[in-house]
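The file start_32.tsv comes next; it holds TSV, N, CA and C atoms.
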```
chain	number	residue	atom	x	y	z
A	1	MET	N	-6.71	-16.08	0.15
A	1	MET	CA	-5.59	-15.25	-0.34
A	1	MET	C	-5.95	-13.78	-0.16
A	2	CYS	N	-4.92	-12.99	-0.01
A	2	CYS	CA	-5.16	-11.58	0.32
A	2	CYS	C	-4.65	-10.62	-0.73
A	3	GLU	N	-4.58	-11.08	-1.93
A	3	GLU	CA	-4.20	-10.17	-3.00
A	3	GLU	C	-5.30	-9.12	-3.18
A	4	ALA	N	-4.95	-8.05	-3.91
A	4	ALA	CA	-5.90	-6.95	-4.09
A	4	ALA	C	-5.97	-6.57	-5.56
A	5	ALA	N	-7.03	-5.86	-5.90
A	5	ALA	CA	-7.13	-5.30	-7.25
A	5	ALA	C	-6.60	-3.87	-7.21
A	6	ALA	N	-5.76	-3.54	-8.19
A	6	ALA	CA	-5.20	-2.18	-8.24
A	6	ALA	C	-5.89	-1.40	-9.34
A	7	TYR	N	-6.44	-0.28	-8.95
A	7	TYR	CA	-7.13	0.62	-9.88
A	7	TYR	C	-6.30	1.89	-10.03
A	8	ILE	N	-6.38	2.50	-11.18
A	8	ILE	CA	-5.72	3.78	-11.37
A	8	ILE	C	-6.76	4.81	-11.75
A	9	LEU	N	-6.66	5.97	-11.10
A	9	LEU	CA	-7.60	7.06	-11.35
A	9	LEU	C	-7.22	7.80	-12.62
A	10	LYS	N	-8.12	7.81	-13.58
A	10	LYS	CA	-7.92	8.57	-14.81
A	10	LYS	C	-9.17	9.38	-15.06
A	11	ASP	N	-9.01	10.68	-15.15
A	11	ASP	CA	-10.15	11.56	-15.37
A	11	ASP	C	-11.26	11.30	-14.35
A	12	GLY	N	-10.84	11.04	-13.12
A	12	GLY	CA	-11.81	10.84	-12.05
A	12	GLY	C	-12.47	9.47	-12.02
A	13	LYS	N	-12.08	8.61	-12.99
A	13	LYS	CA	-12.66	7.26	-13.00
A	13	LYS	C	-11.60	6.22	-12.63
A	14	GLU	N	-12.05	5.20	-11.96
A	14	GLU	CA	-11.12	4.12	-11.59
A	14	GLU	C	-11.09	3.07	-12.69
A	15	GLU	N	-9.89	2.85	-13.22
A	15	GLU	CA	-9.70	1.79	-14.22
A	15	GLU	C	-8.87	0.68	-13.60
A	16	LEU	N	-9.29	-0.55	-13.83
A	16	LEU	CA	-8.53	-1.68	-13.31
A	16	LEU	C	-7.17	-1.74	-14.00
A	17	LEU	N	-6.11	-1.68	-13.21
A	17	LEU	CA	-4.76	-1.73	-13.76
A	17	LEU	C	-4.23	-3.16	-13.71
A	18	LEU	N	-4.38	-3.80	-12.56
A	18	LEU	CA	-3.87	-5.16	-12.40
A	18	LEU	C	-4.67	-5.85	-11.30
A	19	ALA	N	-5.09	-7.06	-11.59
A	19	ALA	CA	-5.83	-7.84	-10.59
A	19	ALA	C	-4.87	-8.73	-9.81
A	20	ASP	N	-5.32	-9.21	-8.68
A	20	ASP	CA	-4.58	-10.19	-7.89
A	20	ASP	C	-3.17	-9.71	-7.55
A	21	VAL	N	-3.09	-8.43	-7.16
A	21	VAL	CA	-1.78	-7.86	-6.83
A	21	VAL	C	-1.28	-8.39	-5.49
A	22	ASP	N	-0.04	-8.82	-5.49
A	22	ASP	CA	0.60	-9.26	-4.25
A	22	ASP	C	1.53	-8.18	-3.72
A	23	VAL	N	2.45	-7.72	-4.59
A	23	VAL	CA	3.51	-6.82	-4.14
A	23	VAL	C	3.40	-5.46	-4.83
A	24	ILE	N	3.59	-4.40	-4.07
A	24	ILE	CA	3.73	-3.06	-4.64
A	24	ILE	C	4.99	-2.44	-4.05
A	25	GLU	N	5.87	-2.01	-4.93
A	25	GLU	CA	7.13	-1.42	-4.49
A	25	GLU	C	7.38	-0.13	-5.25
A	26	PRO	N	7.67	0.96	-4.56
A	26	PRO	CA	8.09	2.17	-5.26
A	26	PRO	C	9.45	1.95	-5.90
A	27	ASP	N	9.63	2.55	-7.06
A	27	ASP	CA	10.91	2.48	-7.76
A	27	ASP	C	11.12	3.88	-8.36
A	28	GLY	N	11.73	4.75	-7.55
A	28	GLY	CA	11.87	6.13	-7.96
A	28	GLY	C	10.48	6.77	-8.08
A	29	GLU	N	10.19	7.33	-9.22
A	29	GLU	CA	8.88	7.97	-9.43
A	29	GLU	C	7.81	6.96	-9.82
A	30	TYR	N	8.20	5.72	-9.98
A	30	TYR	CA	7.29	4.69	-10.46
A	30	TYR	C	6.88	3.75	-9.34
A	31	LEU	N	5.81	3.02	-9.60
A	31	LEU	CA	5.41	1.92	-8.72
A	31	LEU	C	5.46	0.63	-9.53
A	32	ARG	N	6.05	-0.37	-8.95
A	32	ARG	CA	6.07	-1.68	-9.60
A	32	ARG	C	5.04	-2.57	-8.89
A	33	LEU	N	4.13	-3.12	-9.65
A	33	LEU	CA	3.10	-4.01	-9.11
A	33	LEU	C	3.37	-5.42	-9.63
A	34	ILE	N	3.25	-6.37	-8.75
A	34	ILE	CA	3.47	-7.76	-9.14
A	34	ILE	C	2.27	-8.58	-8.66
A	35	SER	N	1.65	-9.30	-9.59
A	35	SER	CA	0.49	-10.11	-9.22
A	35	SER	C	0.94	-11.47	-8.67
A	36	ILE	N	0.00	-12.18	-8.09
A	36	ILE	CA	0.32	-13.52	-7.56
A	36	ILE	C	0.68	-14.48	-8.68
A	37	PHE	N	0.39	-14.10	-9.93
A	37	PHE	CA	0.75	-14.93	-11.08
A	37	PHE	C	2.07	-14.50	-11.71
A	38	GLY	N	2.72	-13.52	-11.09
A	38	GLY	CA	4.01	-13.07	-11.59
A	38	GLY	C	3.92	-11.96	-12.63
A	39	GLU	N	2.71	-11.57	-12.99
A	39	GLU	CA	2.57	-10.48	-13.95
A	39	GLU	C	3.04	-9.18	-13.30
A	40	GLN	N	3.80	-8.39	-14.05
A	40	GLN	CA	4.32	-7.14	-13.51
A	40	GLN	C	3.84	-5.95	-14.32
A	41	LYS	N	3.55	-4.87	-13.62
A	41	LYS	CA	3.26	-3.61	-14.29
A	41	LYS	C	3.99	-2.50	-13.55
A	42	THR	N	4.51	-1.56	-14.31
A	42	THR	CA	5.18	-0.41	-13.72
A	42	THR	C	4.47	0.84	-14.21
A	43	VAL	N	4.07	1.67	-13.28
A	43	VAL	CA	3.33	2.88	-13.64
A	43	VAL	C	3.91	4.07	-12.89
A	44	LYS	N	3.80	5.24	-13.54
A	44	LYS	CA	4.24	6.48	-12.89
A	44	LYS	C	3.06	6.98	-12.09
A	45	ALA	N	3.01	6.57	-10.86
A	45	ALA	CA	1.83	6.84	-10.04
A	45	ALA	C	2.22	6.80	-8.57
A	46	THR	N	1.29	7.27	-7.76
A	46	THR	CA	1.45	7.14	-6.32
A	46	THR	C	0.21	6.44	-5.76
A	47	ILE	N	0.37	5.94	-4.56
A	47	ILE	CA	-0.75	5.25	-3.91
A	47	ILE	C	-1.69	6.29	-3.30
A	48	GLN	N	-2.94	6.25	-3.71
A	48	GLN	CA	-3.90	7.18	-3.11
A	48	GLN	C	-4.54	6.56	-1.88
A	49	SER	N	-4.89	5.30	-1.96
A	49	SER	CA	-5.44	4.64	-0.78
A	49	SER	C	-5.32	3.13	-0.91
A	50	LEU	N	-5.24	2.51	0.24
A	50	LEU	CA	-5.22	1.06	0.34
A	50	LEU	C	-6.36	0.65	1.24
A	51	ASN	N	-7.16	-0.30	0.81
A	51	ASN	CA	-8.16	-0.89	1.68
A	51	ASN	C	-7.95	-2.39	1.65
A	52	LEU	N	-7.24	-2.87	2.64
A	52	LEU	CA	-6.81	-4.27	2.59
A	52	LEU	C	-7.98	-5.22	2.79
A	53	VAL	N	-8.89	-4.86	3.70
A	53	VAL	CA	-10.03	-5.75	3.95
A	53	VAL	C	-10.92	-5.83	2.71
A	54	ASN	N	-11.00	-4.72	1.98
A	54	ASN	CA	-11.78	-4.70	0.73
A	54	ASN	C	-10.96	-5.10	-0.49
A	55	HIS	N	-9.70	-5.44	-0.28
A	55	HIS	CA	-8.82	-5.93	-1.37
A	55	HIS	C	-8.70	-4.89	-2.49
A	56	LYS	N	-8.54	-3.65	-2.13
A	56	LYS	CA	-8.56	-2.60	-3.14
A	56	LYS	C	-7.44	-1.59	-2.93
A	57	VAL	N	-6.71	-1.34	-4.00
A	57	VAL	CA	-5.65	-0.33	-4.00
A	57	VAL	C	-6.01	0.68	-5.09
A	58	VAL	N	-5.98	1.95	-4.73
A	58	VAL	CA	-6.24	2.99	-5.72
A	58	VAL	C	-4.96	3.81	-5.92
A	59	LEU	N	-4.54	3.91	-7.16
A	59	LEU	CA	-3.36	4.69	-7.53
A	59	LEU	C	-3.81	5.93	-8.27
A	60	VAL	N	-2.95	6.94	-8.26
A	60	VAL	CA	-3.24	8.14	-9.04
A	60	VAL	C	-2.01	8.46	-9.87
A	61	GLU	N	-2.22	8.76	-11.14
A	61	GLU	CA	-1.10	9.06	-12.03
A	61	GLU	C	-0.37	10.30	-11.58
A	62	LYS	N	0.96	10.29	-11.75
A	62	LYS	CA	1.75	11.48	-11.44
A	62	LYS	C	1.74	12.42	-12.62
B	1	MET	N	-9.54	-12.75	7.06
B	1	MET	CA	-9.37	-11.30	6.97
B	1	MET	C	-8.01	-11.00	6.35
B	2	CYS	N	-7.96	-9.87	5.70
B	2	CYS	CA	-6.76	-9.55	4.93
B	2	CYS	C	-6.03	-8.32	5.44
B	3	GLU	N	-6.20	-8.03	6.69
B	3	GLU	CA	-5.44	-6.93	7.26
B	3	GLU	C	-3.95	-7.29	7.26
B	4	ALA	N	-3.12	-6.27	7.45
B	4	ALA	CA	-1.68	-6.48	7.42
B	4	ALA	C	-1.02	-5.85	8.64
B	5	ALA	N	0.19	-6.26	8.91
B	5	ALA	CA	0.97	-5.61	9.96
B	5	ALA	C	1.85	-4.55	9.29
B	6	ALA	N	1.87	-3.37	9.88
B	6	ALA	CA	2.68	-2.28	9.33
B	6	ALA	C	3.92	-2.09	10.19
B	7	TYR	N	5.07	-2.19	9.53
B	7	TYR	CA	6.35	-2.00	10.20
B	7	TYR	C	6.98	-0.71	9.72
B	8	ILE	N	7.75	-0.09	10.57
B	8	ILE	CA	8.48	1.11	10.15
B	8	ILE	C	9.97	0.85	10.33
B	9	LEU	N	10.72	1.23	9.31
B	9	LEU	CA	12.17	1.03	9.34
B	9	LEU	C	12.82	2.14	10.15
B	10	LYS	N	13.52	1.74	11.21
B	10	LYS	CA	14.29	2.68	12.02
B	10	LYS	C	15.67	2.10	12.22
B	11	ASP	N	16.67	2.85	11.78
B	11	ASP	CA	18.06	2.38	11.89
B	11	ASP	C	18.22	1.00	11.27
B	12	GLY	N	17.52	0.79	10.17
B	12	GLY	CA	17.68	-0.48	9.46
B	12	GLY	C	16.89	-1.64	10.05
B	13	LYS	N	16.18	-1.37	11.16
B	13	LYS	CA	15.40	-2.45	11.78
B	13	LYS	C	13.91	-2.17	11.60
B	14	GLU	N	13.16	-3.23	11.44
B	14	GLU	CA	11.71	-3.10	11.30
B	14	GLU	C	11.05	-3.14	12.67
B	15	GLU	N	10.34	-2.07	13.00
B	15	GLU	CA	9.58	-2.04	14.25
B	15	GLU	C	8.10	-2.08	13.92
B	16	LEU	N	7.36	-2.89	14.65
B	16	LEU	CA	5.91	-2.95	14.42
B	16	LEU	C	5.28	-1.63	14.81
B	17	LEU	N	4.59	-1.01	13.86
B	17	LEU	CA	3.94	0.28	14.11
B	17	LEU	C	2.47	0.06	14.48
B	18	LEU	N	1.80	-0.78	13.69
B	18	LEU	CA	0.37	-1.03	13.94
B	18	LEU	C	0.02	-2.39	13.34
B	19	ALA	N	-0.68	-3.19	14.12
B	19	ALA	CA	-1.12	-4.50	13.64
B	19	ALA	C	-2.52	-4.39	13.06
B	20	ASP	N	-2.91	-5.38	12.27
B	20	ASP	CA	-4.28	-5.49	11.77
B	20	ASP	C	-4.72	-4.25	10.99
B	21	VAL	N	-3.79	-3.73	10.16
B	21	VAL	CA	-4.08	-2.52	9.40
B	21	VAL	C	-5.05	-2.85	8.26
B	22	ASP	N	-6.08	-2.02	8.17
B	22	ASP	CA	-7.04	-2.14	7.06
B	22	ASP	C	-6.76	-1.08	6.01
B	23	VAL	N	-6.71	0.18	6.44
B	23	VAL	CA	-6.64	1.30	5.50
B	23	VAL	C	-5.32	2.06	5.67
B	24	ILE	N	-4.72	2.43	4.55
B	24	ILE	CA	-3.58	3.35	4.56
B	24	ILE	C	-3.87	4.44	3.54
B	25	GLU	N	-3.81	5.68	4.01
B	25	GLU	CA	-4.10	6.83	3.16
B	25	GLU	C	-3.02	7.88	3.35
B	26	PRO	N	-2.44	8.34	2.26
B	26	PRO	CA	-1.53	9.48	2.38
B	26	PRO	C	-2.32	10.73	2.77
B	27	ASP	N	-1.68	11.56	3.57
B	27	ASP	CA	-2.28	12.82	3.99
B	27	ASP	C	-1.15	13.84	3.98
B	28	GLY	N	-0.92	14.46	2.83
B	28	GLY	CA	0.23	15.34	2.69
B	28	GLY	C	1.50	14.54	2.82
B	29	GLU	N	2.36	14.96	3.74
B	29	GLU	CA	3.63	14.24	3.95
B	29	GLU	C	3.47	13.05	4.89
B	30	TYR	N	2.26	12.87	5.38
B	30	TYR	CA	2.02	11.83	6.37
B	30	TYR	C	1.25	10.66	5.78
B	31	LEU	N	1.28	9.56	6.49
B	31	LEU	CA	0.42	8.42	6.16
B	31	LEU	C	-0.48	8.18	7.36
B	32	ARG	N	-1.76	7.99	7.07
B	32	ARG	CA	-2.70	7.64	8.14
B	32	ARG	C	-3.02	6.16	8.01
B	33	LEU	N	-2.82	5.44	9.09
B	33	LEU	CA	-3.10	4.01	9.12
B	33	LEU	C	-4.29	3.77	10.03
B	34	ILE	N	-5.20	2.94	9.61
B	34	ILE	CA	-6.38	2.63	10.42
B	34	ILE	C	-6.50	1.11	10.52
B	35	SER	N	-6.56	0.63	11.74
B	35	SER	CA	-6.68	-0.83	11.93
B	35	SER	C	-8.13	-1.26	11.83
B	36	ILE	N	-8.33	-2.57	11.73
B	36	ILE	CA	-9.70	-3.09	11.68
B	36	ILE	C	-10.45	-2.82	12.97
B	37	PHE	N	-9.72	-2.45	14.03
B	37	PHE	CA	-10.37	-2.12	15.30
B	37	PHE	C	-10.60	-0.62	15.46
B	38	GLY	N	-10.26	0.13	14.40
B	38	GLY	CA	-10.50	1.56	14.44
B	38	GLY	C	-9.34	2.36	15.01
B	39	GLU	N	-8.29	1.66	15.42
B	39	GLU	CA	-7.12	2.39	15.94
B	39	GLU	C	-6.44	3.12	14.79
B	40	GLN	N	-6.06	4.37	15.03
B	40	GLN	CA	-5.42	5.16	13.98
B	40	GLN	C	-4.03	5.59	14.40
B	41	LYS	N	-3.13	5.59	13.43
B	41	LYS	CA	-1.80	6.17	13.66
B	41	LYS	C	-1.44	6.99	12.43
B	42	THR	N	-0.81	8.11	12.68
B	42	THR	CA	-0.34	8.97	11.60
B	42	THR	C	1.16	9.11	11.74
B	43	VAL	N	1.87	8.85	10.67
B	43	VAL	CA	3.33	8.92	10.71
B	43	VAL	C	3.84	9.66	9.50
B	44	LYS	N	4.98	10.32	9.68
B	44	LYS	CA	5.63	11.00	8.57
B	44	LYS	C	6.51	9.97	7.88
B	45	ALA	N	5.95	9.32	6.92
B	45	ALA	CA	6.64	8.18	6.31
B	45	ALA	C	6.10	7.93	4.91
B	46	THR	N	6.82	7.12	4.19
B	46	THR	CA	6.34	6.67	2.89
B	46	THR	C	6.33	5.14	2.88
B	47	ILE	N	5.58	4.60	1.94
B	47	ILE	CA	5.49	3.15	1.83
B	47	ILE	C	6.72	2.62	1.10
B	48	GLN	N	7.45	1.75	1.72
B	48	GLN	CA	8.60	1.15	1.04
B	48	GLN	C	8.18	-0.10	0.26
B	49	SER	N	7.36	-0.91	0.87
B	49	SER	CA	6.88	-2.09	0.14
B	49	SER	C	5.61	-2.61	0.78
B	50	LEU	N	4.83	-3.24	-0.08
B	50	LEU	CA	3.60	-3.92	0.35
B	50	LEU	C	3.71	-5.37	-0.10
B	51	ASN	N	3.45	-6.27	0.81
B	51	ASN	CA	3.33	-7.67	0.43
B	51	ASN	C	2.00	-8.17	0.96
B	52	LEU	N	1.02	-8.16	0.08
B	52	LEU	CA	-0.34	-8.42	0.55
B	52	LEU	C	-0.54	-9.87	0.94
B	53	VAL	N	0.06	-10.77	0.17
B	53	VAL	CA	-0.10	-12.19	0.49
B	53	VAL	C	0.57	-12.52	1.83
B	54	ASN	N	1.67	-11.81	2.12
B	54	ASN	CA	2.35	-12.00	3.41
B	54	ASN	C	1.83	-11.07	4.49
B	55	HIS	N	0.82	-10.26	4.15
B	55	HIS	CA	0.18	-9.37	5.15
B	55	HIS	C	1.20	-8.42	5.77
B	56	LYS	N	2.06	-7.87	4.96
B	56	LYS	CA	3.12	-7.05	5.52
B	56	LYS	C	3.30	-5.75	4.74
B	57	VAL	N	3.33	-4.65	5.48
B	57	VAL	CA	3.59	-3.33	4.90
B	57	VAL	C	4.83	-2.78	5.59
B	58	VAL	N	5.78	-2.32	4.81
B	58	VAL	CA	6.97	-1.71	5.39
B	58	VAL	C	7.00	-0.23	5.01
B	59	LEU	N	7.11	0.61	6.04
B	59	LEU	CA	7.18	2.05	5.84
B	59	LEU	C	8.59	2.53	6.16
B	60	VAL	N	8.94	3.67	5.61
B	60	VAL	CA	10.24	4.25	5.97
B	60	VAL	C	10.00	5.71	6.34
B	61	GLU	N	10.64	6.12	7.45
B	61	GLU	CA	10.46	7.50	7.92
B	61	GLU	C	10.99	8.50	6.92
B	62	LYS	N	10.30	9.63	6.83
B	62	LYS	CA	10.79	10.72	5.96
B	62	LYS	C	11.82	11.54	6.71
```

Just dump the structure as structure tokens.
Amino acid sequence: MCEAAAYILKDGKEELLLADVDVIEPDGEYLRLISIFGEQKTVKATIQSLNLVNHKVVLVEK
Amino acid sequence: MCEAAAYILKDGKEELLLADVDVIEPDGEYLRLISIFGEQKTVKATIQSLNLVNHKVVLVEK
């Protein structure tokens, strides 16, 4: 499976926001993340980087 | 491997921009895409959606 872990940068540190992320969709100023288990999180953030081979998404708060 | 294909929406149609994408990084108004083979493309676009399990990234031109 190719899901990724989504981290959010807070005070320069990466905090795990949601594991096993399948879908990321912008929704206005927000990002909606959906895990392979159907768990959803919406955050006011932008994507800082995606590393698909490393299964890692880093977001930064707006 | 968990690379994805990146498509860009033009006139409502998805065109393949870069296959086997590993890294996507915003760079100002642009996105830099890097494939697992080291091929790079920079486009003036934003991420419309990511589907990691389906290995698909859809971008939309700015």

Can you list, as a ChimeraX atom specification, every protein, DNA or RNA residue that comes within 8 Å of Val43 of chain B when you count all atoms listed in the file, leaving out same-chain residues fewer than 3 positions away? /B:29-33,40,46,60-62

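Reported to one decimal place, the separation of atom CA of Val58 of chain A from atom CA of Glu25 of chain B is 9.9 Å.
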
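Of the listed residues (B:Leu16, B:Ser35, B:Glu3, B:Thr42), B:Glu3 comes nearest to chain A; the distances count only N, CA and C atoms.
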
Test item: chain B residues at most 5 Å from chain A, counting only N, CA and C atoms, as an NGL selection string: :B and (2 or 22-26 or 48-53)

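For the pair atom N of Leu59 of chain B and atom C of Leu9 of chain A, the separation is 24.6 Å.
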
Enclose all atoms of segment 8-15 of chain B listed in the file in an axis-aligned box, grow every side by 8 Å, and hand back centre and edge lengths in Å to one decimal, as AutoDock Vina command-line options.
```
--center_x 13.0 --center_y -0.2 --center_z 11.8 --size_x 26.5 --size_y 22.1 --size_z 20.9
```

Using DSSP on the backbone coordinates, identify the residues of segment 10-47 of chain A assigned to strand (DSSP E or B); present them as a ChimeraX atom specification. /A:10,13-27,30-35,40-43,45-47

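For the pair atom CA of Ala5 of chain B and atom CA of Gly38 of chain A, the interatomic distance is 23.0 Å.
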